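Colleague: What follows is query13.txt, made up of compact mmCIF, C-alpha atoms:
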```
# COMPACT_ATOMS: atom_id res chain seq x y z
CA MET A 14 45.59 10.78 -44.06
CA ASN A 15 44.11 13.36 -41.77
CA GLN A 16 45.71 12.12 -38.58
CA ILE A 17 44.60 15.04 -36.58
CA TYR A 18 41.04 13.74 -36.27
CA SER A 19 42.03 10.11 -35.87
CA ARG A 20 42.47 10.16 -32.12
CA GLY A 21 41.13 12.08 -29.19
CA PRO A 22 38.51 14.81 -29.29
CA SER A 23 38.17 17.00 -32.37
CA LEU A 24 39.97 20.31 -32.64
CA PRO A 25 36.95 22.61 -32.00
CA LEU A 26 36.03 20.51 -28.97
CA ARG A 27 39.56 20.92 -27.60
CA LEU A 28 39.36 24.66 -28.16
CA PHE A 29 36.03 24.73 -26.35
CA LEU A 30 37.59 22.85 -23.44
CA ALA A 31 40.54 25.27 -23.33
CA VAL A 32 38.25 28.31 -23.42
CA VAL A 33 36.08 26.98 -20.60
CA LEU A 34 39.13 26.07 -18.49
CA SER A 35 40.80 29.45 -18.95
CA ALA A 36 37.57 31.34 -18.29
CA GLY A 37 37.34 29.40 -15.03
CA LEU A 38 40.95 30.22 -14.19
CA MET A 39 40.48 33.93 -14.90
CA PHE A 40 37.40 34.04 -12.71
CA LEU A 41 39.21 32.18 -9.92
CA ASP A 42 42.24 34.45 -10.12
CA ARG A 43 40.47 37.78 -10.41
CA PHE A 44 37.30 37.48 -8.39
CA THR A 45 38.11 35.11 -5.53
CA ASP A 46 40.70 35.19 -2.78
CA SER A 47 41.81 31.59 -3.07
CA SER A 48 44.22 32.46 -5.88
CA THR A 49 46.85 34.06 -3.61
CA GLN A 50 47.72 30.70 -2.09
CA LEU A 51 47.54 28.96 -5.48
CA ARG A 52 49.77 31.64 -6.99
CA SER A 53 52.44 31.22 -4.34
CA TYR A 54 52.49 27.43 -4.86
CA LEU A 55 52.78 27.91 -8.61
CA THR A 56 55.48 30.55 -8.20
CA SER A 57 57.59 28.26 -6.05
CA ALA A 58 57.00 25.43 -8.54
CA VAL A 59 58.43 27.45 -11.44
CA SER A 60 61.14 29.24 -9.47
CA PRO A 61 63.90 26.88 -10.75
CA LEU A 62 63.13 28.24 -14.20
CA PHE A 63 63.86 31.76 -12.99
CA TYR A 64 67.17 30.62 -11.52
CA VAL A 65 68.18 28.93 -14.79
CA ALA A 66 67.05 31.89 -16.90
CA SER A 67 69.07 34.38 -14.88
CA LEU A 68 72.18 32.17 -14.94
CA PRO A 69 73.77 33.74 -18.07
CA GLN A 70 73.39 37.20 -16.61
CA ALA A 71 74.73 36.10 -13.23
CA LEU A 72 77.71 34.43 -14.90
CA PHE A 73 78.35 37.49 -17.01
CA SER A 74 78.26 39.98 -14.14
CA GLY A 75 80.26 37.55 -11.97
CA ALA A 76 82.94 37.33 -14.65
CA SER A 77 83.06 41.09 -15.11
CA GLU A 78 83.58 41.48 -11.37
CA GLN A 79 86.36 38.88 -11.51
CA PHE A 80 88.18 40.75 -14.20
CA MET A 81 87.70 44.18 -12.69
CA SER A 82 91.16 45.59 -12.17
CA GLN A 83 92.55 45.96 -8.67
CA GLN A 84 92.74 49.72 -9.13
CA ALA A 85 89.02 49.86 -9.88
CA VAL A 86 88.25 47.84 -6.77
CA LEU A 87 90.46 50.11 -4.65
CA ASP A 88 88.75 53.19 -6.11
CA GLU A 89 85.35 51.75 -5.40
CA ASN A 90 86.39 50.87 -1.86
CA ALA A 91 87.64 54.39 -1.21
CA ARG A 92 84.42 55.86 -2.58
CA LEU A 93 82.27 53.55 -0.45
CA LYS A 94 84.28 54.40 2.69
CA GLU A 95 83.79 58.10 2.03
CA THR A 96 80.03 57.67 1.56
CA LEU A 97 79.86 55.60 4.74
CA LEU A 98 81.68 58.28 6.71
CA GLN A 99 79.43 61.02 5.42
CA GLN A 100 76.30 59.04 6.10
CA SER A 101 77.27 58.01 9.62
CA GLY A 102 77.97 61.66 10.33
CA GLN A 103 74.49 62.55 9.14
CA LEU A 104 73.08 59.64 11.12
CA GLN A 105 74.45 61.08 14.40
CA LEU A 106 72.61 64.30 13.72
CA LEU A 107 69.51 62.32 12.75
CA ARG A 108 69.52 60.43 16.07
CA PHE A 109 69.68 63.69 17.95
CA LEU A 110 66.85 65.15 15.87
CA GLN A 111 64.79 62.03 16.33
CA GLN A 112 65.13 62.23 20.10
CA GLU A 113 64.24 65.88 20.07
CA ASN A 114 61.26 65.19 17.83
CA GLU A 115 60.03 62.45 20.16
CA LYS A 116 60.31 64.76 23.15
CA LEU A 117 58.39 67.50 21.37
CA ARG A 118 55.72 65.06 20.28
CA ALA A 119 55.45 63.79 23.85
CA LEU A 120 55.03 67.37 25.04
CA LEU A 121 52.31 67.93 22.48
CA GLY A 122 50.69 64.63 23.42
CA SER A 123 50.57 63.35 19.84
CA SER A 124 51.35 59.78 18.82
CA ALA A 125 54.94 58.90 18.15
CA VAL A 126 56.23 58.01 14.69
CA VAL A 127 57.50 54.48 15.04
CA SER A 128 60.19 52.89 12.97
CA GLY A 129 59.73 49.14 12.98
CA GLU A 130 61.80 46.17 11.95
CA ARG A 131 63.54 46.14 8.57
CA LEU A 132 64.55 43.25 6.39
CA VAL A 133 66.88 43.30 3.40
CA ALA A 134 65.80 41.21 0.43
CA GLU A 135 67.25 40.54 -2.99
CA VAL A 136 65.25 40.56 -6.21
CA LEU A 137 65.19 37.08 -7.77
CA ALA A 138 63.14 37.79 -10.85
CA VAL A 139 61.33 40.63 -12.52
CA TYR A 140 58.08 39.77 -14.25
CA SER A 141 58.65 41.01 -17.72
CA HIS A 142 55.16 41.59 -18.98
CA PRO A 143 54.04 45.19 -19.52
CA PHE A 144 50.64 44.34 -18.03
CA SER A 145 52.07 43.22 -14.72
CA HIS A 146 54.89 44.92 -12.85
CA GLN A 147 55.95 42.55 -10.09
CA VAL A 148 59.20 41.29 -8.64
CA VAL A 149 60.00 38.05 -6.83
CA LEU A 150 62.02 38.50 -3.62
CA ASN A 151 64.22 35.91 -1.92
CA LYS A 152 62.60 36.26 1.53
CA GLY A 153 59.42 34.48 2.50
CA SER A 154 57.23 33.59 5.47
CA LYS A 155 60.18 31.77 7.09
CA ASP A 156 61.96 35.13 7.37
CA GLY A 157 58.86 36.78 8.77
CA VAL A 158 57.56 38.40 5.60
CA THR A 159 53.84 39.06 5.68
CA GLU A 160 51.33 40.22 3.11
CA PHE A 161 51.01 43.95 2.34
CA GLN A 162 54.40 44.79 3.81
CA PRO A 163 55.77 47.99 2.21
CA VAL A 164 58.92 47.62 0.10
CA ILE A 165 61.42 50.47 -0.40
CA ASP A 166 64.88 50.86 -1.89
CA ASP A 167 67.59 53.44 -1.24
CA GLN A 168 65.75 56.07 -3.31
CA GLY A 169 62.11 55.67 -2.43
CA VAL A 170 59.01 53.50 -2.29
CA VAL A 171 59.09 50.43 -4.55
CA GLY A 172 55.82 48.62 -3.85
CA GLN A 173 54.17 46.18 -1.50
CA ILE A 174 54.16 42.43 -0.89
CA VAL A 175 51.14 40.70 -2.41
CA SER A 176 51.81 37.01 -1.90
CA VAL A 177 54.14 35.10 0.37
CA GLY A 178 55.63 31.66 -0.15
CA PRO A 179 57.82 29.80 2.36
CA THR A 180 61.13 31.10 0.93
CA SER A 181 60.08 33.71 -1.61
CA SER A 182 57.50 36.42 -1.98
CA ARG A 183 56.08 38.61 -4.70
CA ALA A 184 55.92 42.38 -4.55
CA LEU A 185 53.60 44.53 -6.64
CA LEU A 186 55.43 47.63 -7.87
CA ILE A 187 53.94 51.11 -7.64
CA SER A 188 54.10 51.32 -11.44
CA ASP A 189 51.66 48.43 -11.89
CA ASN A 190 48.28 49.19 -13.38
CA THR A 191 46.43 47.86 -10.37
CA HIS A 192 48.43 49.80 -7.79
CA ALA A 193 47.70 53.13 -6.14
CA LEU A 194 48.96 54.80 -2.95
CA ALA A 195 48.21 57.91 -0.93
CA VAL A 196 50.77 60.72 -1.10
CA ARG A 197 51.29 64.26 0.15
CA ALA A 198 53.18 67.02 -1.66
CA GLU A 199 56.16 68.04 0.46
CA ARG A 200 55.98 71.76 -0.38
CA THR A 201 52.27 72.38 0.11
CA GLY A 202 50.90 69.36 1.96
CA VAL A 203 48.32 68.72 -0.77
CA ARG A 204 47.07 65.15 -0.53
CA ALA A 205 46.59 62.98 -3.61
CA LEU A 206 46.58 59.44 -4.94
CA VAL A 207 49.32 58.15 -7.21
CA GLU A 208 48.46 55.29 -9.53
CA GLY A 209 50.64 53.16 -11.80
CA LEU A 210 50.25 53.22 -15.56
CA GLY A 211 52.17 50.09 -16.54
CA GLN A 212 55.22 52.22 -17.41
CA TRP A 213 58.42 51.94 -15.43
CA ASP A 214 59.21 55.64 -15.29
CA LEU A 215 55.81 57.32 -15.09
CA LEU A 216 53.00 57.48 -12.53
CA ARG A 217 49.78 59.48 -12.60
CA VAL A 218 48.58 61.75 -9.81
CA MET A 219 44.82 61.38 -9.69
CA HIS A 220 41.88 63.59 -8.77
CA LEU A 221 43.59 66.95 -8.29
CA PRO A 222 41.23 69.92 -8.89
CA HIS A 223 42.41 72.61 -11.32
CA SER A 224 43.05 75.11 -8.55
CA THR A 225 45.53 72.88 -6.72
CA ASP A 226 48.94 74.40 -6.00
CA ILE A 227 51.32 71.93 -7.57
CA ARG A 228 54.42 72.55 -9.67
CA GLU A 229 56.85 70.55 -11.70
CA GLY A 230 59.62 69.29 -9.43
CA ASP A 231 57.41 68.95 -6.35
CA ARG A 232 58.36 65.96 -4.19
CA LEU A 233 55.54 63.57 -3.33
CA LEU A 234 55.92 61.67 -0.05
CA SER A 235 53.79 58.82 1.19
CA SER A 236 51.11 60.20 3.49
CA GLY A 237 50.33 57.06 5.48
CA LEU A 238 46.61 57.61 4.98
CA ASP A 239 46.21 54.40 3.00
CA GLY A 240 47.15 52.35 6.06
CA ARG A 241 49.68 50.36 4.04
CA PHE A 242 52.69 52.64 3.63
CA PRO A 243 54.30 54.48 6.56
CA GLU A 244 54.37 58.25 6.42
CA GLY A 245 57.18 60.29 4.93
CA TYR A 246 58.93 58.07 2.39
CA PRO A 247 59.69 59.69 -0.98
CA VAL A 248 57.53 58.28 -3.77
CA ALA A 249 57.82 60.39 -6.90
CA LYS A 250 58.70 63.76 -8.38
CA VAL A 251 56.16 65.72 -10.44
CA VAL A 252 57.47 65.95 -14.01
CA ARG A 253 54.57 67.05 -16.18
CA ILE A 254 51.39 69.01 -15.60
CA SER A 255 48.83 69.69 -18.28
CA GLN A 256 46.00 72.07 -17.53
CA ASP A 257 43.12 71.13 -19.77
CA ALA A 258 39.88 72.80 -18.75
CA SER A 259 37.83 70.22 -20.65
CA GLN A 260 39.06 67.55 -18.23
CA PRO A 261 37.41 67.29 -14.81
CA PHE A 262 40.80 67.15 -13.06
CA MET A 263 44.36 68.28 -13.66
CA VAL A 264 46.46 65.74 -15.53
CA VAL A 265 49.66 65.38 -13.52
CA TYR A 266 52.44 62.89 -14.15
CA ALA A 267 55.23 61.99 -11.75
CA GLU A 268 58.44 60.02 -12.00
CA PRO A 269 59.13 57.47 -9.24
CA TYR A 270 62.33 57.96 -7.24
CA ALA A 271 62.99 54.24 -6.99
CA GLN A 272 64.75 52.69 -9.99
CA LEU A 273 61.94 50.25 -10.59
CA ASP A 274 63.35 48.68 -13.74
CA ARG A 275 66.76 47.84 -12.25
CA VAL A 276 66.03 47.30 -8.59
CA ARG A 277 68.34 44.65 -7.06
CA HIS A 278 68.21 45.03 -3.27
CA VAL A 279 65.19 46.24 -1.35
CA LEU A 280 64.17 46.88 2.26
CA LEU A 281 60.99 45.41 3.68
CA LEU A 282 59.45 47.65 6.31
CA SER A 283 57.11 46.32 8.96
CA LYS A 284 53.50 47.22 8.42
CA PRO A 285 52.48 50.53 10.00
CA ASP A 286 49.62 49.01 12.04
CA ALA A 287 51.94 46.26 13.31
CA ALA A 288 54.49 48.88 14.37
CA VAL A 289 51.81 50.95 16.08
CA ALA A 290 50.52 47.86 17.86
CA ALA A 291 54.05 47.04 19.00
CA ALA A 292 54.47 50.59 20.27
CA ALA A 293 51.16 50.43 22.10
CA GLU A 294 52.34 47.37 24.01
CA LEU A 295 55.33 49.27 25.34
CA PRO A 296 54.72 50.88 28.74
CA MET B 1 56.00 -0.30 -37.52
CA ARG B 2 55.98 3.12 -35.92
CA LYS B 3 59.24 4.82 -35.10
CA PRO B 4 59.61 6.26 -31.62
CA GLU B 5 57.75 9.53 -31.45
CA ARG B 6 60.29 11.47 -29.42
CA LEU B 7 57.76 13.83 -27.88
CA GLY B 8 60.34 14.79 -25.28
CA PHE B 9 62.31 16.81 -27.80
CA ILE B 10 59.24 18.90 -28.62
CA TYR B 11 58.78 19.72 -24.95
CA LEU B 12 62.50 20.50 -24.68
CA SER B 13 62.20 23.16 -27.39
CA VAL B 14 59.13 24.63 -25.65
CA PHE B 15 61.07 24.68 -22.38
CA VAL B 16 63.93 26.61 -24.00
CA ALA B 17 61.40 29.07 -25.42
CA LEU B 18 59.98 29.56 -21.90
CA LEU B 19 63.50 30.25 -20.60
CA LEU B 20 63.93 32.91 -23.29
CA THR B 21 60.59 34.41 -22.23
CA VAL B 22 61.78 35.14 -18.69
CA MET B 23 65.48 35.79 -19.33
CA PRO B 24 66.49 39.12 -17.77
CA MET B 25 67.09 41.77 -20.43
CA PRO B 26 67.65 45.51 -20.55
CA GLN B 27 64.39 47.47 -20.52
CA MET B 28 64.54 48.59 -24.16
CA VAL B 29 65.13 45.08 -25.50
CA LYS B 30 62.48 43.65 -23.20
CA LEU B 31 59.60 45.56 -24.76
CA ALA B 32 60.51 44.19 -28.19
CA ARG B 33 61.05 40.60 -27.03
CA PRO B 34 59.35 38.18 -29.46
CA ASP B 35 56.75 35.79 -28.02
CA TRP B 36 59.15 32.85 -28.17
CA ALA B 37 56.85 30.24 -26.68
CA LEU B 38 54.04 31.09 -29.07
CA LEU B 39 56.35 31.06 -32.12
CA VAL B 40 57.76 27.65 -31.23
CA LEU B 41 54.27 26.26 -30.63
CA MET B 42 53.15 27.70 -33.97
CA TYR B 43 55.90 25.79 -35.71
CA TRP B 44 55.01 22.52 -34.04
CA ALA B 45 51.27 23.01 -34.61
CA MET B 46 52.02 23.56 -38.29
CA ALA B 47 54.48 20.69 -38.70
CA LEU B 48 52.96 18.10 -36.37
CA PRO B 49 49.37 19.12 -35.58
CA GLN B 50 48.59 15.61 -34.33
CA ARG B 51 51.19 16.03 -31.57
CA VAL B 52 50.98 19.67 -30.59
CA SER B 53 47.70 21.49 -30.70
CA VAL B 54 45.22 23.39 -28.60
CA LEU B 55 45.65 21.68 -25.24
CA THR B 56 49.46 21.76 -25.33
CA ALA B 57 49.14 25.45 -26.16
CA PHE B 58 46.73 25.91 -23.28
CA PHE B 59 49.15 24.40 -20.76
CA THR B 60 52.13 26.31 -22.13
CA GLY B 61 50.10 29.51 -21.97
CA PHE B 62 49.22 28.71 -18.38
CA ILE B 63 52.92 28.36 -17.50
CA VAL B 64 53.57 31.70 -19.25
CA ASP B 65 50.82 33.23 -17.11
CA VAL B 66 52.54 31.99 -13.96
CA LEU B 67 55.95 33.13 -15.20
CA VAL B 68 55.15 36.66 -16.32
CA GLY B 69 52.48 37.30 -13.70
CA THR B 70 49.45 38.12 -15.84
CA VAL B 71 46.01 37.07 -14.61
CA LEU B 72 45.92 33.26 -14.71
CA GLY B 73 44.27 31.98 -17.88
CA VAL B 74 44.78 35.07 -20.04
CA ASN B 75 47.81 33.78 -21.92
CA ALA B 76 46.38 30.25 -21.82
CA LEU B 77 43.27 31.38 -23.67
CA ALA B 78 45.14 33.53 -26.21
CA PHE B 79 47.63 30.72 -26.92
CA ALA B 80 44.82 28.19 -27.38
CA VAL B 81 42.90 30.41 -29.82
CA VAL B 82 45.94 31.26 -31.96
CA ILE B 83 47.17 27.66 -32.08
CA PHE B 84 43.65 26.53 -32.96
CA VAL B 85 43.79 28.73 -36.09
CA VAL B 86 47.25 27.42 -37.02
CA ALA B 87 46.32 23.75 -36.47
CA GLN B 88 43.07 24.17 -38.41
CA HIS B 89 44.91 25.57 -41.44
CA HIS B 90 48.24 23.75 -41.10
CA LEU B 91 48.06 22.21 -44.59
CA LYS B 92 47.61 25.63 -46.22
CA ILE B 93 50.26 27.38 -44.13
CA ARG B 94 52.83 24.65 -44.85
CA ASN B 95 52.60 25.37 -48.56
CA PHE B 96 53.33 29.07 -48.22
CA SER B 97 56.82 30.44 -48.76
CA VAL B 98 58.64 31.51 -45.59
CA VAL B 99 57.98 35.20 -46.30
CA GLN B 100 54.26 34.61 -46.79
CA GLN B 101 54.24 32.53 -43.63
CA SER B 102 55.83 35.28 -41.63
CA LEU B 103 53.30 37.82 -42.94
CA LEU B 104 50.44 35.52 -41.98
CA LEU B 105 51.97 34.77 -38.58
CA GLY B 106 52.33 38.52 -38.08
CA LEU B 107 48.55 38.74 -38.31
CA LEU B 108 48.18 35.90 -35.82
CA LEU B 109 50.70 37.48 -33.44
CA ALA B 110 48.71 40.72 -33.65
CA LEU B 111 45.58 38.72 -32.84
CA TYR B 112 47.39 37.27 -29.82
CA GLN B 113 48.41 40.72 -28.58
CA LEU B 114 44.88 41.98 -29.15
CA LEU B 115 43.33 39.11 -27.18
CA LEU B 116 45.85 39.59 -24.40
CA PHE B 117 45.25 43.32 -24.20
CA TRP B 118 41.51 42.96 -24.44
CA LEU B 119 41.27 40.39 -21.63
CA SER B 120 43.71 42.33 -19.44
CA HIS B 121 41.75 45.49 -20.12
CA PHE B 122 38.55 43.93 -18.81
CA LEU B 123 40.22 42.18 -15.89
CA THR B 124 42.71 44.76 -14.63
CA GLY B 125 42.09 47.91 -16.71
CA VAL B 126 45.41 48.35 -18.54
CA TYR B 127 45.89 51.20 -21.01
CA PHE B 128 46.89 50.60 -24.59
CA ARG B 129 50.25 51.85 -25.82
CA PRO B 130 51.54 51.29 -29.37
CA GLN B 131 54.80 49.91 -27.94
CA TYR B 132 52.91 46.72 -27.00
CA LEU B 133 52.90 45.82 -30.69
CA TRP B 134 56.71 45.64 -31.04
CA PRO B 135 56.71 41.84 -30.40
CA VAL B 136 54.58 41.40 -33.54
CA LEU B 137 57.27 42.98 -35.72
CA THR B 138 60.20 41.23 -34.03
CA GLY B 139 58.28 37.94 -34.15
CA MET B 140 57.82 38.33 -37.92
CA LEU B 141 61.52 39.10 -38.35
CA VAL B 142 62.59 36.15 -36.23
CA TRP B 143 60.24 33.63 -37.86
CA PRO B 144 62.32 32.67 -40.98
CA TRP B 145 65.35 31.84 -38.83
CA LEU B 146 63.32 30.05 -36.20
CA PHE B 147 61.54 28.06 -38.92
CA TRP B 148 64.84 26.99 -40.48
CA LEU B 149 66.31 26.09 -37.08
CA LEU B 150 63.31 24.06 -35.90
CA ARG B 151 62.99 22.23 -39.21
CA ARG B 152 66.61 21.14 -38.95
CA TYR B 153 66.01 20.17 -35.33
CA ARG B 154 62.96 18.11 -36.31
CA ARG B 155 64.67 16.38 -39.24
CA GLN B 156 67.93 15.67 -37.44
CA LEU B 157 66.18 14.11 -34.48
CA LYS B 158 63.47 12.49 -36.64
CA ILE B 159 60.66 13.84 -34.48
CA GLN B 160 57.26 12.95 -35.87
```
Could you show the structure in this file as C-alpha cells?
Modeller:
Amino acid sequence: MNQIYSRGPSLPLRLFLAVVLSAGLMFLDRFTDSSTQLRSYLTSAVSPLFYVASLPQALFSGASEQFMSQQAVLDENARLKETLLQQSGQLQLLRFLQQENEKLRALLGSSAVVSGERLVAEVLAVYSHPFSHQVVLNKGSKDGVTEFQPVIDDQGVVGQIVSVGPTSSRALLISDNTHALAVRAERTGVRALVEGLGQWDLLRVMHLPHSTDIREGDRLLSSGLDGRFPEGYPVAKVVRISQDASQPFMVVYAEPYAQLDRVRHVLLLSKPDAAVAAAAELP
Amino acid sequence: MRKPERLGFIYLSVFVALLLTVMPMPQMVKLARPDWALLVLMYWAMALPQRVSVLTAFFTGFIVDVLVGTVLGVNALAFAVVIFVVAQHHLKIRNFSVVQQSLLLGLLLALYQLLLFWLSHFLTGVYFRPQYLWPVLTGMLVWPWLFWLLRRYRRQLKIQ
C-alpha cells in the first residue's frame, strides 16, 4: 500500500542526500573560484529556456511595431533625426574640448584620460530574483568580452561583467546586494562608496561622516578609484538623507541614473587598466 | 499488468512552470510572481509521492538556481525540504479541502521564503523586505486553480 517506501532509499535518507549535495554546491559556489566557469557552462545550457520564455514578449512587441501607424513611424523618425542633429552638434564641441583638455594635461604633465574600445550588447534575460540582480548579455568571449568589464547605458553606469561564456555573458548590476563601487560627488568632490540594496531604484551611499557636505540632488560620478570603473560616468543622484546622530554615519540613499529594471541595450567599456596599458604602448 | 507510467508528462508540467518562472514581466508583477515550480512540484509530491519527491525537487531547485542566479544550491535545498514535508504528509494533505490545502501550503511557501532568505542572508548578506512575502499570498490564491488544472491533466493523461 505504501508505495513510497517500496523502492529506492527512504524519504529521510533522500532528504539527507539532498541537503549534503546542496551544502556542497553552496560552498563550491560561494567560497571557491571554480564556480565562475561552471556557472557559465550552466548558463549556456539553460539559455534556450530564456529564449523560449521571452518569445511571447518578443512576439507581442514585434506585433505592436508591425501595427504602428505610418504617421507614428514618421513622427518617431523626425524626432530621432532631430536628436541626432543636436547630439552631433554637441559632439563637435566635445571633440574640440577633448583636444584642448589633452593639450592642457600634456602641459601639466599629468596622465591622459583614455577612452577605450566600446561594444554594444543587447540584454537577453534579466534574472528575476530579488536576491540577485543580474542580466545576461548577447556578447561573449568570441566578441572580446572579458571579466570585470564595466557596463553602461545611455543614462549611466549599469554594472560589470562577472562571467563570460563563448557567446553570452552575465553582468552584475549596481543594485545587487553584493555590488559596491567608488564614487565622487560632482559638486564637492567628496568620495564615497555606493552599494546595492537589492532594490532596482535605490542605492546606499556608505561611510559618510555626519559633517560631510552632501545635499539631495547631488550627482554622484564614478571616481575610478576602485580600478574597475573609469572615471567620470554618472552613477546616481542623491534622493534622501537622514541625519541620525545615534548612527555612526549619515544614512544617504541615491537613485541610479540607469534604468536598471528595463535596460535593453548596453555599452561595454574596455577595462581602465587595459586602456591605460594600451595608451602606455603608444609612443 | 502496469500501465505506462508517463513520467514525461510530469516533467513537461515542471518545464512549463520553469518557463513561467523566468518569463519577462513588468517590475510590479514580478515581485508578486508565485513560485510556479514549487507549486507544481507540491501537487505532484502530494498526488504521486512515489514518482516525484525530494530528489526531483532538488534537481528542479538546482535549475531554478541557475535560472534566477541565486547562489547554487540555495533553491535546491529549500525545494528539497519543502517537498520532503509534503511527501511525508501526502495522505493527510490529500484529504483536506482545497481551501485548507491552500492555507497549509501558504505556511509551507512561507517556510520556503524563510529558508531562501536565511541562506541568502548568510551567503550574500541580503536585507529583508516585507515585499519578499508577496509570492506566499499569490501562491495561496493560485493554488485552487492550479490544483484543479493539474488534477484534470493527470486524469486525462492517466499519469500514475
Colleague: Any chance you could tabulate, as JSON lines, the residues of chain B at most 9 Å from chain A with each one's nearest atom pair and distance in Å to one decimal, using only C-alpha atoms, in chain and rising number order?
Modeller:
```
{"residue": "B:Leu18", "atom": "CA", "partner": "A:Leu62", "partner_atom": "CA", "distance": 8.4}
{"residue": "B:Leu19", "atom": "CA", "partner": "A:Ala66", "partner_atom": "CA", "distance": 5.4}
{"residue": "B:Leu20", "atom": "CA", "partner": "A:Ala66", "partner_atom": "CA", "distance": 7.2}
{"residue": "B:Thr21", "atom": "CA", "partner": "A:Ser141", "partner_atom": "CA", "distance": 8.2}
{"residue": "B:Val22", "atom": "CA", "partner": "A:Ala66", "partner_atom": "CA", "distance": 6.4}
{"residue": "B:Met23", "atom": "CA", "partner": "A:Ala66", "partner_atom": "CA", "distance": 4.9}
{"residue": "B:Pro24", "atom": "CA", "partner": "A:Ser67", "partner_atom": "CA", "distance": 6.1}
{"residue": "B:Met25", "atom": "CA", "partner": "A:Gln70", "partner_atom": "CA", "distance": 8.7}
{"residue": "B:Pro26", "atom": "CA", "partner": "A:Asp274", "partner_atom": "CA", "distance": 8.7}
{"residue": "B:Gln27", "atom": "CA", "partner": "A:Asp274", "partner_atom": "CA", "distance": 7.0}
{"residue": "B:Lys30", "atom": "CA", "partner": "A:Ser141", "partner_atom": "CA", "distance": 7.2}
{"residue": "B:Leu31", "atom": "CA", "partner": "A:Pro143", "partner_atom": "CA", "distance": 7.6}
{"residue": "B:Leu48", "atom": "CA", "partner": "A:Ile17", "partner_atom": "CA", "distance": 8.9}
{"residue": "B:Pro49", "atom": "CA", "partner": "A:Ile17", "partner_atom": "CA", "distance": 6.4}
{"residue": "B:Gln50", "atom": "CA", "partner": "A:Ile17", "partner_atom": "CA", "distance": 4.6}
{"residue": "B:Arg51", "atom": "CA", "partner": "A:Ile17", "partner_atom": "CA", "distance": 8.3}
{"residue": "B:Ser53", "atom": "CA", "partner": "A:Leu24", "partner_atom": "CA", "distance": 8.1}
{"residue": "B:Val54", "atom": "CA", "partner": "A:Leu28", "partner_atom": "CA", "distance": 6.0}
{"residue": "B:Leu55", "atom": "CA", "partner": "A:Ala31", "partner_atom": "CA", "distance": 6.5}
{"residue": "B:Phe58", "atom": "CA", "partner": "A:Ala31", "partner_atom": "CA", "distance": 6.2}
{"residue": "B:Phe62", "atom": "CA", "partner": "A:Ser35", "partner_atom": "CA", "distance": 8.5}
{"residue": "B:Ile63", "atom": "CA", "partner": "A:Val59", "partner_atom": "CA", "distance": 8.2}
{"residue": "B:Val66", "atom": "CA", "partner": "A:Thr56", "partner_atom": "CA", "distance": 6.6}
{"residue": "B:Leu67", "atom": "CA", "partner": "A:Tyr140", "partner_atom": "CA", "distance": 7.0}
{"residue": "B:Val68", "atom": "CA", "partner": "A:Tyr140", "partner_atom": "CA", "distance": 4.7}
{"residue": "B:Gly69", "atom": "CA", "partner": "A:Ser145", "partner_atom": "CA", "distance": 6.0}
{"residue": "B:Thr70", "atom": "CA", "partner": "A:Ser145", "partner_atom": "CA", "distance": 5.8}
{"residue": "B:Val71", "atom": "CA", "partner": "A:Met39", "partner_atom": "CA", "distance": 6.4}
{"residue": "B:Leu72", "atom": "CA", "partner": "A:Met39", "partner_atom": "CA", "distance": 5.5}
{"residue": "B:Gly73", "atom": "CA", "partner": "A:Ser35", "partner_atom": "CA", "distance": 4.4}
{"residue": "B:Val74", "atom": "CA", "partner": "A:Met39", "partner_atom": "CA", "distance": 6.8}
{"residue": "B:Asn75", "atom": "CA", "partner": "A:Ser35", "partner_atom": "CA", "distance": 8.8}
{"residue": "B:Ala76", "atom": "CA", "partner": "A:Ser35", "partner_atom": "CA", "distance": 6.3}
{"residue": "B:Leu77", "atom": "CA", "partner": "A:Ser35", "partner_atom": "CA", "distance": 5.7}
{"residue": "B:Ala80", "atom": "CA", "partner": "A:Leu28", "partner_atom": "CA", "distance": 6.5}
{"residue": "B:Val81", "atom": "CA", "partner": "A:Leu28", "partner_atom": "CA", "distance": 7.0}
{"residue": "B:Phe84", "atom": "CA", "partner": "A:Leu28", "partner_atom": "CA", "distance": 6.7}
{"residue": "B:Ala87", "atom": "CA", "partner": "A:Leu24", "partner_atom": "CA", "distance": 8.2}
{"residue": "B:Gln88", "atom": "CA", "partner": "A:Leu24", "partner_atom": "CA", "distance": 7.6}
{"residue": "B:Phe117", "atom": "CA", "partner": "A:Phe144", "partner_atom": "CA", "distance": 8.3}
{"residue": "B:Ser120", "atom": "CA", "partner": "A:Phe144", "partner_atom": "CA", "distance": 7.4}
{"residue": "B:Leu123", "atom": "CA", "partner": "A:Arg43", "partner_atom": "CA", "distance": 7.0}
{"residue": "B:Thr124", "atom": "CA", "partner": "A:Thr191", "partner_atom": "CA", "distance": 6.4}
{"residue": "B:Gly125", "atom": "CA", "partner": "A:Asn190", "partner_atom": "CA", "distance": 7.1}
{"residue": "B:Val126", "atom": "CA", "partner": "A:Asn190", "partner_atom": "CA", "distance": 6.0}
{"residue": "B:Tyr127", "atom": "CA", "partner": "A:Leu210", "partner_atom": "CA", "distance": 7.3}
{"residue": "B:Tyr132", "atom": "CA", "partner": "A:Pro143", "partner_atom": "CA", "distance": 7.7}
```
Colleague: Give me, please, the distance in Å between atom CA of Leu150 of chain B and atom CA of Leu72 of chain A, quoted to one decimal.
Modeller: 27.5 Å
Colleague: Write out as a PyMOL selection string each polymer residue whose atoms come within 8 Å of Met140 of chain B, counting only C-alpha atoms; drop sequence neighbours fewer than 6 positions from it.
Modeller: chain B and resi 102-103+105-106
Colleague: Point out the residue among A:Ser283, A:Gln83, A:Gln103, A:Ser182 with the least atom-to-atom distance to Ala134 of chain A, counting only C-alpha atoms.
Modeller: A:Ser182
Colleague: Which residues, protein or nucleic acid, reach to within 10 Å of (59.3, 37.2, 8.6) in the file's coordinates when using all atoms listed in the file, and can you give that as an MDAnalysis selection string?
Modeller: chainID A and resid 130:132 152:159 177 179:180 281 283
Colleague: Which distance in Å separates atom CA of Ala195 of chain A and atom CA of Ile227 of chain A, to one decimal?
Modeller: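 A separation of 15.8 Å between them.
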Colleague: Find the spatial neighbours of Ala57 of chain B, counting only C-alpha atoms, within a cut-off of 7 Å - ignore same-chain residues fewer than 5 positions away - and output them as JSON, numbers by chain.
Modeller: {"B": [41, 79, 80, 83]}
Colleague: Could you save those same residues with C-alpha atoms as a JSON list (two decimals), in the frame of the given file?
Modeller:
```
[["chain", "number", "residue", "atom", "x", "y", "z"],
["B", 41, "LEU", "CA", 54.27, 26.26, -30.63],
["B", 79, "PHE", "CA", 47.63, 30.72, -26.92],
["B", 80, "ALA", "CA", 44.82, 28.19, -27.38],
["B", 83, "ILE", "CA", 47.17, 27.66, -32.08]]
```
